[in-house]
$ cat my_file_38.cif   # mmCIF, C-alpha atoms and all ligand atoms
data_upload
#
loop_
_atom_site.label_atom_id
_atom_site.label_comp_id
_atom_site.auth_asym_id
_atom_site.auth_seq_id
_atom_site.Cartn_x
_atom_site.Cartn_y
_atom_site.Cartn_z
CA MET A 1 -38.48 3.20 -23.84
CA GLU A 2 -40.77 1.43 -26.28
CA PRO A 3 -40.29 -2.33 -26.29
CA ALA A 4 -37.63 -3.31 -28.79
CA LYS A 5 -38.79 -4.82 -32.05
CA LYS A 6 -37.50 -8.35 -32.44
CA SER A 7 -36.10 -9.39 -35.78
CA ALA A 8 -34.93 -12.90 -36.56
CA GLY A 9 -31.20 -13.43 -36.31
CA ASP A 10 -30.48 -10.09 -34.69
CA PRO A 11 -29.49 -10.57 -31.05
CA THR A 12 -29.65 -6.83 -30.43
CA GLY A 13 -33.42 -7.17 -30.82
CA PHE A 14 -33.64 -4.43 -33.45
CA ALA A 15 -34.06 -4.35 -37.20
CA ALA A 16 -30.86 -3.36 -38.98
CA ASP A 17 -32.31 -0.32 -40.74
CA ASP A 18 -33.74 1.56 -37.78
CA LEU A 19 -30.46 2.88 -36.40
CA ALA A 20 -31.69 6.48 -36.27
CA ALA A 21 -34.88 5.51 -34.45
CA ARG A 22 -32.95 3.35 -31.99
CA LEU A 23 -30.46 6.09 -31.35
CA ARG A 24 -33.20 8.62 -30.65
CA SER A 25 -35.11 6.24 -28.41
CA VAL A 26 -32.04 5.40 -26.32
CA ARG A 27 -30.94 9.03 -26.04
CA GLU A 28 -34.42 10.11 -24.96
CA ARG A 29 -34.71 7.35 -22.39
CA THR A 30 -31.54 8.46 -20.58
CA CYS A 31 -33.07 11.92 -20.12
CA ALA A 32 -36.38 10.35 -19.07
CA LEU A 33 -34.58 8.35 -16.33
CA CYS A 34 -33.20 11.60 -14.90
CA ALA A 35 -36.47 13.51 -15.20
CA PRO A 36 -37.82 12.55 -11.73
CA LEU A 37 -34.64 13.86 -10.06
CA ALA A 38 -34.12 17.25 -8.44
CA ILE A 39 -31.22 19.27 -9.87
CA GLU A 40 -29.25 18.67 -6.65
CA ASP A 41 -29.60 14.89 -7.08
CA HIS A 42 -27.68 15.13 -10.37
CA VAL A 43 -24.39 16.22 -8.80
CA VAL A 44 -23.59 14.36 -5.57
CA GLN A 45 -21.27 11.34 -5.33
CA PRO A 46 -21.79 9.65 -1.94
CA SER A 47 -19.32 6.86 -2.78
CA PRO A 48 -16.27 6.84 -5.11
CA GLU A 49 -17.77 4.08 -7.28
CA VAL A 50 -21.12 5.88 -7.70
CA SER A 51 -21.24 8.48 -10.47
CA PRO A 52 -23.47 11.56 -10.37
CA PRO A 53 -26.36 11.40 -12.90
CA LYS A 54 -25.04 14.57 -14.59
CA TRP A 55 -21.81 12.75 -15.31
CA HIS A 56 -23.69 9.85 -16.99
CA LEU A 57 -25.66 12.32 -19.13
CA ALA A 58 -22.41 13.95 -20.28
CA HIS A 59 -20.17 10.86 -20.55
CA THR A 60 -22.56 8.95 -22.84
CA THR A 61 -22.61 12.08 -25.03
CA TRP A 62 -18.81 12.37 -25.01
CA PHE A 63 -18.64 8.75 -26.24
CA PHE A 64 -20.59 9.63 -29.41
CA GLU A 65 -18.72 12.91 -29.88
CA LYS A 66 -15.30 11.30 -29.50
CA PHE A 67 -15.83 8.10 -31.46
CA VAL A 68 -18.54 8.92 -34.03
CA LEU A 69 -18.45 12.66 -34.70
CA GLU A 70 -14.80 13.60 -34.26
CA PRO A 71 -13.51 11.04 -36.81
CA ARG A 72 -15.84 12.42 -39.49
CA PRO A 73 -13.70 13.94 -42.24
CA ARG A 74 -15.37 17.36 -42.13
CA GLY A 75 -18.14 19.40 -40.71
CA TYR A 76 -18.23 18.74 -36.95
CA ARG A 77 -17.65 21.48 -34.42
CA PRO A 78 -17.19 20.14 -30.85
CA PHE A 79 -19.57 21.60 -28.29
CA ASP A 80 -16.75 22.47 -25.90
CA GLU A 81 -13.40 20.70 -26.10
CA ARG A 82 -12.74 21.41 -22.42
CA TYR A 83 -15.42 18.80 -21.62
CA HIS A 84 -13.36 15.97 -23.10
CA PRO A 85 -11.09 15.21 -20.13
CA LEU A 86 -14.03 15.72 -17.73
CA PHE A 87 -16.24 13.13 -19.39
CA ASN A 88 -13.74 10.61 -20.73
CA SER A 89 -14.15 7.73 -18.28
CA TYR A 90 -11.05 5.56 -18.67
CA TYR A 91 -9.91 5.61 -22.33
CA LYS A 92 -6.23 6.34 -21.74
CA SER A 93 -5.43 5.96 -25.43
CA VAL A 94 -7.58 8.97 -26.46
CA GLY A 95 -6.49 11.47 -23.83
CA PRO A 96 -6.40 12.37 -20.15
CA HIS A 97 -9.42 11.86 -17.90
CA TRP A 98 -10.75 13.22 -14.63
CA LEU A 99 -10.51 10.99 -11.54
CA GLN A 100 -13.52 8.70 -11.11
CA ALA A 101 -13.76 9.43 -7.38
CA GLU A 102 -13.85 13.20 -8.04
CA ARG A 103 -16.80 13.29 -10.44
CA GLY A 104 -19.03 14.75 -7.72
CA ALA A 105 -16.66 17.70 -7.28
CA LEU A 106 -17.75 19.27 -10.58
CA SER A 107 -20.52 21.84 -10.21
CA ARG A 108 -19.81 22.97 -13.79
CA PRO A 109 -20.85 22.43 -16.50
CA THR A 110 -24.34 22.78 -15.09
CA VAL A 111 -27.09 20.23 -15.68
CA SER A 112 -28.65 22.65 -18.14
CA GLU A 113 -25.35 23.03 -20.04
CA VAL A 114 -25.01 19.24 -20.16
CA HIS A 115 -28.48 18.98 -21.72
CA GLY A 116 -27.32 21.57 -24.26
CA TYR A 117 -24.29 19.33 -24.95
CA ARG A 118 -26.62 16.39 -25.49
CA ARG A 119 -28.79 18.34 -27.95
CA HIS A 120 -25.74 19.55 -29.91
CA VAL A 121 -24.38 16.02 -30.29
CA ASP A 122 -27.81 14.51 -31.05
CA GLU A 123 -28.40 17.02 -33.84
CA ALA A 124 -24.99 16.29 -35.37
CA LEU A 125 -25.59 12.52 -35.16
CA GLU A 126 -29.03 12.80 -36.72
CA ASP A 127 -27.70 15.07 -39.44
CA GLY A 128 -24.95 12.54 -40.17
CA LEU A 129 -27.46 9.70 -40.36
CA ARG A 130 -29.70 11.69 -42.72
CA ARG A 131 -26.78 12.28 -45.07
CA GLY A 132 -25.75 8.64 -44.98
CA LEU A 133 -23.44 7.13 -42.42
CA ASP A 134 -19.87 6.30 -43.32
CA GLU A 135 -19.59 2.50 -42.99
CA ALA A 136 -16.54 2.91 -40.74
CA LEU A 137 -18.68 4.78 -38.20
CA ARG A 138 -21.44 2.21 -38.08
CA PHE A 139 -19.74 0.10 -35.42
CA PRO A 140 -18.84 3.04 -33.13
CA LEU A 141 -22.43 4.26 -33.39
CA GLU A 142 -23.82 0.80 -32.64
CA LEU A 143 -21.42 0.44 -29.70
CA GLY A 144 -22.41 3.93 -28.49
CA ILE A 145 -26.06 2.84 -28.33
CA HIS A 146 -25.26 -0.31 -26.32
CA HIS A 147 -22.86 1.70 -24.17
CA GLU A 148 -25.59 4.21 -23.33
CA GLN A 149 -27.96 1.36 -22.43
CA GLN A 150 -25.33 0.06 -20.01
CA HIS A 151 -25.20 3.50 -18.48
CA GLN A 152 -29.01 3.55 -18.12
CA GLU A 153 -28.68 0.59 -15.78
CA LEU A 154 -25.76 2.23 -13.98
CA LEU A 155 -27.88 5.37 -13.63
CA LEU A 156 -30.61 3.48 -11.77
CA MET A 157 -28.04 1.81 -9.49
CA ASP A 158 -26.40 5.15 -8.80
CA ILE A 159 -29.70 7.03 -8.32
CA LYS A 160 -30.75 4.39 -5.81
CA TYR A 161 -27.48 4.75 -3.91
CA ILE A 162 -27.66 8.56 -3.96
CA LEU A 163 -31.24 8.62 -2.66
CA GLY A 164 -30.67 5.73 -0.24
CA ALA A 165 -27.64 7.45 1.30
CA ASN A 166 -29.83 10.43 2.19
CA PRO A 167 -31.47 10.22 5.65
CA LEU A 168 -34.69 11.64 4.14
CA GLN A 169 -34.90 8.46 2.02
CA PRO A 170 -36.57 10.16 -0.95
CA GLU A 171 -38.63 8.14 -3.40
CA TYR A 172 -37.64 7.94 -7.05
CA GLY A 173 -41.00 6.43 -8.03
CA PHE A 174 -40.25 3.01 -9.46
CA VAL A 175 -41.61 -0.31 -8.26
CA GLU A 176 -38.70 -2.71 -8.11
CA PHE A 177 -39.80 -6.25 -7.55
CA GLU A 178 -42.44 -8.87 -7.60
CA ALA A 179 -42.09 -12.38 -6.19
CA ALA A 180 -38.94 -14.19 -7.35
CA PRO A 181 -39.80 -16.04 -10.58
CA GLY A 182 -38.96 -19.63 -11.48
CA ALA A 183 -39.54 -23.04 -9.97
CA ALA A 184 -38.35 -23.90 -6.47
CA GLN A 185 -37.62 -27.47 -7.64
CA TRP A 186 -34.05 -28.13 -8.74
CA ARG A 187 -33.48 -28.78 -12.42
CA ASP A 188 -30.92 -31.39 -13.50
CA PHE A 189 -28.48 -30.90 -16.38
CA GLU A 190 -26.60 -33.90 -17.77
CA ALA A 191 -22.86 -34.00 -18.22
CA GLY A 192 -21.67 -33.12 -21.70
CA ILE A 193 -20.04 -30.69 -24.08
CA HIS A 194 -21.83 -27.35 -24.36
CA SER A 195 -21.18 -24.32 -26.53
CA ILE A 196 -21.14 -20.99 -24.73
CA GLY A 197 -20.50 -17.44 -25.84
CA ALA A 198 -22.00 -15.27 -28.57
CA PRO A 199 -22.08 -16.70 -32.11
CA PRO A 200 -20.81 -14.56 -35.01
CA GLY A 201 -23.22 -12.00 -36.47
CA GLY A 202 -25.30 -9.45 -34.62
CA PHE A 203 -24.11 -7.31 -31.76
CA ALA A 204 -22.33 -8.71 -28.73
CA PHE A 205 -19.52 -7.30 -26.61
CA ASP A 206 -16.03 -8.59 -27.33
CA ASN A 207 -15.87 -10.36 -23.95
CA GLU A 208 -18.76 -12.67 -25.01
CA ARG A 209 -16.74 -14.05 -27.93
CA PRO A 210 -15.67 -16.32 -29.41
CA ARG A 211 -18.29 -19.01 -28.92
CA HIS A 212 -16.45 -22.10 -27.77
CA ARG A 213 -16.99 -25.54 -26.29
CA VAL A 214 -16.81 -26.37 -22.61
CA TRP A 215 -17.17 -29.65 -20.76
CA LEU A 216 -19.67 -29.54 -17.90
CA ASP A 217 -20.03 -32.32 -15.37
CA GLY A 218 -23.62 -33.07 -14.43
CA PHE A 219 -25.10 -30.35 -12.23
CA ALA A 220 -28.40 -29.15 -10.81
CA LEU A 221 -29.55 -25.55 -10.64
CA ARG A 222 -32.50 -24.02 -8.83
CA PRO A 223 -34.46 -21.79 -11.23
CA ARG A 224 -35.86 -19.54 -8.51
CA PRO A 225 -33.34 -16.98 -7.27
CA VAL A 226 -32.63 -16.93 -3.52
CA THR A 227 -35.33 -14.89 -1.77
CA ASN A 228 -35.26 -12.29 1.00
CA GLY A 229 -36.97 -14.81 3.26
CA GLU A 230 -34.21 -17.37 2.74
CA PHE A 231 -31.50 -14.79 3.21
CA ARG A 232 -33.13 -13.52 6.41
CA GLU A 233 -32.78 -17.04 7.85
CA PHE A 234 -29.04 -16.85 7.14
CA VAL A 235 -28.83 -13.45 8.87
CA GLU A 236 -30.83 -14.59 11.88
CA ASP A 237 -28.85 -17.84 12.11
CA GLY A 238 -25.71 -15.77 12.72
CA GLY A 239 -24.33 -16.28 9.20
CA TYR A 240 -22.43 -12.99 9.29
CA ALA A 241 -20.70 -13.98 12.55
CA ASP A 242 -19.49 -17.46 11.52
CA PRO A 243 -15.98 -17.35 9.99
CA ARG A 244 -16.29 -20.92 8.71
CA LEU A 245 -18.73 -19.71 6.03
CA TRP A 246 -16.57 -16.95 4.56
CA LEU A 247 -13.72 -16.59 2.14
CA SER A 248 -10.74 -15.00 3.85
CA ALA A 249 -11.09 -11.68 2.00
CA GLY A 250 -14.84 -11.78 2.63
CA TRP A 251 -14.39 -12.28 6.36
CA ASP A 252 -11.98 -9.33 6.48
CA TRP A 253 -14.51 -7.20 4.53
CA VAL A 254 -17.40 -8.12 6.86
CA GLY A 255 -15.31 -7.20 9.90
CA ARG A 256 -13.85 -4.00 8.48
CA GLN A 257 -17.16 -2.68 7.13
CA ARG A 258 -19.28 -4.12 9.99
CA ILE A 259 -21.60 -5.77 7.47
CA GLU A 260 -24.62 -7.46 9.06
CA ALA A 261 -27.17 -7.64 6.21
CA PRO A 262 -27.54 -6.86 2.50
CA LEU A 263 -27.23 -3.21 1.43
CA TYR A 264 -30.47 -1.25 1.98
CA TRP A 265 -31.77 -3.63 4.71
CA ARG A 266 -32.61 -1.92 7.99
CA ARG A 267 -33.90 -3.45 11.23
CA SER A 268 -35.94 -1.47 13.71
CA ASP A 269 -38.05 -2.93 16.53
CA GLY A 270 -37.26 -6.42 15.23
CA GLU A 271 -38.78 -5.73 11.79
CA TRP A 272 -36.73 -5.58 8.58
CA THR A 273 -37.35 -2.90 5.99
CA LEU A 274 -35.77 -2.23 2.62
CA PHE A 275 -34.97 1.01 0.86
CA THR A 276 -36.14 0.72 -2.76
CA LEU A 277 -36.52 3.12 -5.68
CA GLY A 278 -40.17 3.16 -4.63
CA GLY A 279 -39.29 4.25 -1.09
CA VAL A 280 -38.95 2.28 2.16
CA ARG A 281 -40.90 -1.00 2.16
CA PRO A 282 -41.36 -3.85 4.63
CA LEU A 283 -39.03 -6.71 3.67
CA ASP A 284 -41.05 -9.01 1.38
CA PRO A 285 -39.84 -12.59 1.95
CA ASP A 286 -40.85 -13.63 -1.59
CA TRP A 287 -38.79 -11.02 -3.46
CA PRO A 288 -35.38 -12.09 -4.76
CA VAL A 289 -32.62 -11.03 -2.41
CA CYS A 290 -30.74 -8.11 -3.96
CA HIS A 291 -27.65 -5.97 -3.26
CA VAL A 292 -25.47 -8.77 -1.92
CA SER A 293 -21.75 -8.95 -2.65
CA TYR A 294 -19.98 -12.00 -4.04
CA PHE A 295 -18.68 -12.64 -0.53
CA GLU A 296 -22.24 -12.72 0.86
CA ALA A 297 -23.60 -14.85 -1.99
CA ASP A 298 -20.75 -17.34 -1.58
CA ALA A 299 -21.17 -17.51 2.23
CA PHE A 300 -24.92 -18.02 1.88
CA ALA A 301 -24.43 -20.89 -0.58
CA ARG A 302 -21.93 -22.53 1.80
CA TRP A 303 -24.39 -22.15 4.69
CA LYS A 304 -27.00 -23.91 2.52
CA GLY A 305 -24.55 -26.73 1.77
CA VAL A 306 -24.53 -25.97 -1.95
CA ARG A 307 -22.56 -23.58 -4.21
CA LEU A 308 -22.88 -20.77 -6.73
CA PRO A 309 -23.12 -21.86 -10.39
CA THR A 310 -20.26 -21.29 -12.83
CA GLU A 311 -20.92 -18.83 -15.61
CA ALA A 312 -21.10 -21.66 -18.17
CA GLU A 313 -23.72 -23.48 -16.06
CA LEU A 314 -25.78 -20.34 -15.71
CA GLU A 315 -25.57 -19.61 -19.45
CA VAL A 316 -26.79 -23.14 -20.25
CA PHE A 317 -29.67 -22.60 -17.81
CA LEU A 318 -30.56 -19.15 -19.24
CA GLU A 319 -30.60 -20.56 -22.79
CA ALA A 320 -32.95 -23.33 -21.59
CA GLU A 321 -35.27 -21.07 -19.57
CA PRO A 322 -35.27 -17.57 -21.06
CA ALA A 323 -37.27 -15.13 -18.93
CA ASP A 324 -37.08 -11.60 -17.61
CA GLN A 325 -34.41 -11.56 -14.92
CA PRO A 326 -35.03 -9.64 -11.69
CA VAL A 327 -31.42 -9.64 -10.45
CA TRP A 328 -27.95 -10.30 -11.79
CA CYS A 329 -26.77 -13.63 -10.42
CA TRP A 330 -23.26 -14.00 -9.07
CA THR A 331 -21.26 -16.89 -10.48
CA ARG A 332 -18.18 -18.56 -9.03
CA SER A 333 -16.31 -17.77 -12.28
CA ALA A 334 -13.54 -15.19 -12.31
CA TYR A 335 -13.83 -12.64 -15.12
CA ALA A 336 -11.19 -13.76 -17.60
CA PRO A 337 -10.83 -13.87 -21.40
CA TYR A 338 -12.42 -16.71 -23.30
CA PRO A 339 -10.02 -18.92 -25.28
CA ARG A 340 -8.91 -16.96 -28.39
CA PHE A 341 -10.49 -13.74 -27.07
CA ALA A 342 -9.87 -10.77 -29.38
CA PRO A 343 -10.59 -7.29 -28.01
CA PHE A 344 -12.53 -4.70 -30.00
CA PRO A 345 -10.30 -2.69 -32.40
CA GLY A 346 -8.47 0.56 -31.60
CA ALA A 347 -9.41 2.51 -28.48
CA PHE A 348 -12.37 0.16 -27.94
CA ALA A 349 -9.85 -2.49 -26.83
CA GLU A 350 -10.07 -0.60 -23.52
CA TYR A 351 -13.82 -1.25 -23.29
CA ASN A 352 -13.71 -4.66 -21.58
CA GLY A 353 -10.40 -6.48 -21.93
CA LYS A 354 -8.37 -4.40 -19.51
CA PHE A 355 -10.72 -5.22 -16.64
CA MET A 356 -10.15 -8.98 -16.82
CA CYS A 357 -8.52 -9.25 -13.41
CA SER A 358 -9.79 -9.51 -9.81
CA GLN A 359 -13.51 -9.44 -10.68
CA MET A 360 -16.27 -12.06 -10.73
CA VAL A 361 -18.87 -12.67 -13.46
CA LEU A 362 -22.60 -12.08 -12.99
CA ARG A 363 -25.17 -13.39 -15.44
CA GLY A 364 -28.78 -12.83 -16.41
CA GLY A 365 -29.79 -9.18 -16.21
CA CYS A 366 -31.98 -7.26 -13.81
CA LEU A 367 -35.05 -5.08 -13.50
CA ALA A 368 -32.91 -2.05 -14.48
CA THR A 369 -31.51 -3.63 -17.67
CA PRO A 370 -33.09 -1.90 -20.69
CA ALA A 371 -35.45 -4.01 -22.82
CA GLY A 372 -33.57 -5.70 -25.64
CA HIS A 373 -30.16 -5.15 -24.02
CA GLY A 374 -29.61 -8.45 -22.20
CA ARG A 375 -28.57 -11.83 -23.63
CA PRO A 376 -27.83 -15.24 -22.08
CA THR A 377 -24.21 -14.79 -23.23
CA TYR A 378 -23.89 -11.35 -21.57
CA ARG A 379 -21.01 -11.20 -19.07
CA ASN A 380 -21.37 -8.58 -16.37
CA PHE A 381 -18.55 -8.23 -13.85
CA PHE A 382 -17.91 -6.58 -10.50
CA GLU A 383 -15.41 -6.77 -7.67
CA PRO A 384 -16.28 -9.33 -4.98
CA HIS A 385 -17.11 -6.73 -2.31
CA GLN A 386 -19.35 -4.53 -4.49
CA ARG A 387 -23.10 -4.66 -3.99
CA TRP A 388 -24.70 -1.42 -5.09
CA MET A 389 -25.73 -3.08 -8.38
CA PHE A 390 -28.88 -5.22 -8.51
CA SER A 391 -27.00 -8.41 -7.57
CA GLY A 392 -28.53 -11.59 -6.21
CA MET A 393 -27.96 -15.28 -6.73
CA ARG A 394 -29.16 -18.66 -7.88
CA LEU A 395 -27.91 -21.87 -6.31
CA ALA A 396 -26.25 -24.88 -7.94
CA ARG A 397 -24.94 -28.25 -6.79
CA ASP A 398 -22.91 -31.09 -8.24
FE FE B 401 -18.98 4.37 -20.15
#

$ encode --input "my_file_38.cif" --output "structure tokens" --more "lines below"
Ligand SMILES: [Fe+2]
Amino acid sequence: MEPAKKSAGDPTGFAADDLAARLRSVRERTCALCAPLAIEDHVVQPSPEVSPPKWHLAHTTWFFEKFVLEPRPRGYRPFDERYHPLFNSYYKSVGPHWLQAERGALSRPTVSEVHGYRRHVDEALEDGLRRGLDEALRFPLELGIHHEQQHQELLLMDIKYILGANPLQPEYGFVEFEAAPGAAQWRDFEAGIHSIGAPPGGFAFDNERPRHRVWLDGFALRPRPVTNGEFREFVEDGGYADPRLWLSAGWDWVGRQRIEAPLYWRRSDGEWTLFTLGGVRPLDPDWPVCHVSYFEADAFARWKGVRLPTEAELEVFLEAEPADQPVWCWTRSAYAPYPRFAPFPGAFAEYNGKFMCSQMVLRGGCLATPAGHGRPTYRNFFEPHQRWMFSGMRLARD
């Protein structure tokens, strides 16, 4: 995708009048992300939480068809109504949906038919924009664009898992990392009242609002994310075998799953290697550690004698030191509504609010986050055992 044009006061990073160009650019990029894949790569689902690329191509299209085209008063013919339950993800209020864990069981529609679905919907969207968009559809269209960008990141996570689960370890052709950025010296933040969350105006997800005040005691945060080299010391010091370092649920998870290192680490003949989207590489000690669960991040911080930052602390840091983020950083904050949280209207209330239970917040963004999509107020969230996303950590202390 072309770098987003910045315009003052618009946190989406785009000028307000280039909706059609943004839509086209985002839709094209999703196809471009799938272009290096073989047809067979588009269909498999090696883990229930990983979706096949074909499903992402179709689901992002369903979102526009359901929420932007179907409500138009006249003139839209659905591509194939039988697709709706297949590609609805979890919007119970708009109809039934296929089981998430069974997405890889669908050999039909074919990849080629799904691309036909995309073209049909794109033409109808572009036609609608040419004729002048109904104001009521502006928000669903805007949300559809941000939604598809979220799926572009999910696509890269899922493609990595699909290729990494294959013993042939195929390359996708994407260089993941450089050395972890940021200073190794701790940075101090004074106690005080801070405002966090997205201000009114411009696009933000409902879970980032409203902006509100929080009290933070004085804290220090290390700008440089934890590196592979640091995490390897934890592994080789027996960190995974010491129950004193782990949360109870984390210790059970390590034992049950026989976890001994971050996802995609392999040891042979005493040397560590990593599977990356650019193929198998020797473990580079200067890269940020990636693909660790909350349990692992928390245990590592305890081993270091420090802690993970809260999401408010990390937002204050990200506002002070904006930079491209290589990995999402786990926080010790549970994903919960902000004071006076109001979900998006209608069916979009299901977008974020209903997941505010049993998950932890990650902040920052990662190498797979599309340009112009991230914000310091952005709240990502995953379950504490999950680690197929590009998740790492920064350290904090009181
Ligand atoms: Fe989605």

$ closest_atom_pairs --input "my_file_38.cif" --of "stretch 249-295 of chain A" --to "stretch 203-224 of chain A" --cutoff "12 Å" --atoms "all atoms listed in the file" --output "JSON lines"
{"residue": "A:Asp286", "atom": "CA", "partner": "A:Arg224", "partner_atom": "CA", "distance": 10.4}
{"residue": "A:Trp287", "atom": "CA", "partner": "A:Arg224", "partner_atom": "CA", "distance": 10.3}
{"residue": "A:Pro288", "atom": "CA", "partner": "A:Arg224", "partner_atom": "CA", "distance": 8.4}
{"residue": "A:Val289", "atom": "CA", "partner": "A:Arg224", "partner_atom": "CA", "distance": 11.0}

$ residues_around --input "my_file_38.cif" --residues "stretch 36-39 of chain A" --least-positions-apart "5" --cutoff "9 Å" --atoms "all atoms listed in the file" --output "NGL selection string"
:A and (111 or 159 or 172-173)

$ closest_residue --input "my_file_38.cif" --among "A:Glu113, A:Asp80, A:Glu350, A:Glu176" --to "ligand FE 401 (chain B)" --atoms "only C-alpha atoms and all ligand atoms"
A:Glu350

$ closest_atom_pairs --input "my_file_38.cif" --of "chain A" --to "ligand FE 401 (chain B)" --cutoff "12 Å" --atoms "all atoms listed in the file" --output "CSV"
residue,atom,partner,partner_atom,distance
A:Ser51,CA,B:FE401,FE,10.8
A:Trp55,CA,B:FE401,FE,10.1
A:His56,CA,B:FE401,FE,7.9
A:Leu57,CA,B:FE401,FE,10.4
A:Ala58,CA,B:FE401,FE,10.2
A:His59,CA,B:FE401,FE,6.6
A:Thr60,CA,B:FE401,FE,6.4
A:Thr61,CA,B:FE401,FE,9.8
A:Trp62,CA,B:FE401,FE,9.4
A:Phe63,CA,B:FE401,FE,7.5
A:Phe64,CA,B:FE401,FE,10.8
A:Phe87,CA,B:FE401,FE,9.2
A:Asn88,CA,B:FE401,FE,8.2
A:Ser89,CA,B:FE401,FE,6.2
A:Tyr90,CA,B:FE401,FE,8.2
A:Tyr91,CA,B:FE401,FE,9.4
A:Gln100,CA,B:FE401,FE,11.4
A:Leu143,CA,B:FE401,FE,10.6
A:Gly144,CA,B:FE401,FE,9.0
A:Ile145,CA,B:FE401,FE,10.9
A:His146,CA,B:FE401,FE,10.0
A:His147,CA,B:FE401,FE,6.2
A:Glu148,CA,B:FE401,FE,7.3
A:Gln149,CA,B:FE401,FE,9.7
A:Gln150,CA,B:FE401,FE,7.7
A:His151,CA,B:FE401,FE,6.5
A:Gln152,CA,B:FE401,FE,10.3
A:Glu153,CA,B:FE401,FE,11.3
A:Leu154,CA,B:FE401,FE,9.4
A:Leu155,CA,B:FE401,FE,11.1
A:Phe348,CA,B:FE401,FE,11.0
A:Glu350,CA,B:FE401,FE,10.7
A:Tyr351,CA,B:FE401,FE,8.3
A:Asn352,CA,B:FE401,FE,10.6

$ closest_residue --input "my_file_38.cif" --among "A:Arg281, A:His97, A:His291, A:Arg187" --to "A:His385" --atoms "only C-alpha atoms"
A:His291

$ residues_near_point --input "my_file_38.cif" --point "(-26.1, 19.0, -13.3)" --cutoff "6 Å" --atoms "all atoms listed in the file" --output "list in words"
His42, Val43, Lys54, Thr110 and Val111 of chain A

$ closest_residue --input "my_file_38.cif" --among "A:Leu125, A:Arg332, A:Cys34, A:Tyr338" --to "A:Gln359" --atoms "all atoms listed in the file"
A:Arg332

$ residues_around --input "my_file_38.cif" --residues "A:Asp134" --least-positions-apart "3" --cutoff "10 Å" --atoms "all atoms listed in the file" --output "PyMOL selection string"
chain A and resi 68+72-73+128-129+131+137-138

$ write_last_selection --input "my_file_38.cif" --atoms "C-alpha atoms" --output "compact mmCIF listing (two decimals), in the coordinates of the input"
# COMPACT_ATOMS: atom_id res chain seq x y z
CA VAL A 68 -18.54 8.92 -34.03
CA ARG A 72 -15.84 12.42 -39.49
CA PRO A 73 -13.70 13.94 -42.24
CA GLY A 128 -24.95 12.54 -40.17
CA LEU A 129 -27.46 9.70 -40.36
CA ARG A 131 -26.78 12.28 -45.07
CA LEU A 137 -18.68 4.78 -38.20
CA ARG A 138 -21.44 2.21 -38.08

$ atom_distance --input "my_file_38.cif" --atom1 "atom CA of A:Leu395" --atom2 "atom CA of A:Gly305"
10.0 Å

$ closest_residue --input "my_file_38.cif" --among "A:Glu123, A:Glu65, A:Glu81, A:Glu40" --to "A:Ile162" --atoms "all atoms listed in the file"
A:Glu40

$ closest_residue --input "my_file_38.cif" --among "A:Pro78, A:Leu69, A:Leu106, A:Gly95" --to "A:Leu133" --atoms "all atoms listed in the file"
A:Leu69

$ residues_near_point --input "my_file_38.cif" --point "(-32.2, -0.7, -11.6)" --cutoff "7 Å" --atoms "all atoms listed in the file" --output "PyMOL selection string"
chain A and resi 153+156-157+366-369+390

$ atom_distance --input "my_file_38.cif" --atom1 "atom CA of A:Pro181" --atom2 "atom CA of A:Met393"
12.5 Å

$ residues_around --input "my_file_38.cif" --residues "stretch 258-266 of chain A" --least-positions-apart "3" --cutoff "7 Å" --atoms "all atoms listed in the file" --output "mmCIF file with C-alpha atoms, in the frame of the given file"
data_model
loop_
_atom_site.group_PDB
_atom_site.id
_atom_site.type_symbol
_atom_site.label_atom_id
_atom_site.label_comp_id
_atom_site.auth_asym_id
_atom_site.auth_seq_id
_atom_site.Cartn_x
_atom_site.Cartn_y
_atom_site.Cartn_z
ATOM 1 C CA VAL A 235 -28.830 -13.450 8.870
ATOM 2 C CA TYR A 240 -22.430 -12.990 9.290
ATOM 3 C CA VAL A 254 -17.400 -8.120 6.860
ATOM 4 C CA GLY A 255 -15.310 -7.200 9.900
ATOM 5 C CA TRP A 272 -36.730 -5.580 8.580
ATOM 6 C CA THR A 273 -37.350 -2.900 5.990
ATOM 7 C CA LEU A 274 -35.770 -2.230 2.620
ATOM 8 C CA PHE A 275 -34.970 1.010 0.860
ATOM 9 C CA HIS A 291 -27.650 -5.970 -3.260
ATOM 10 C CA VAL A 292 -25.470 -8.770 -1.920
ATOM 11 C CA ARG A 387 -23.100 -4.660 -3.990
#

$ residues_around --input "my_file_38.cif" --residues "stretch 297-301 of chain A" --least-positions-apart "5" --cutoff "12 Å" --atoms "only C-alpha atoms" --output "PyMOL selection string"
chain A and resi 222+225-228+230-235+237-251+254+261-262+289-292+306-310+328-333+360+362+384-387+391-397
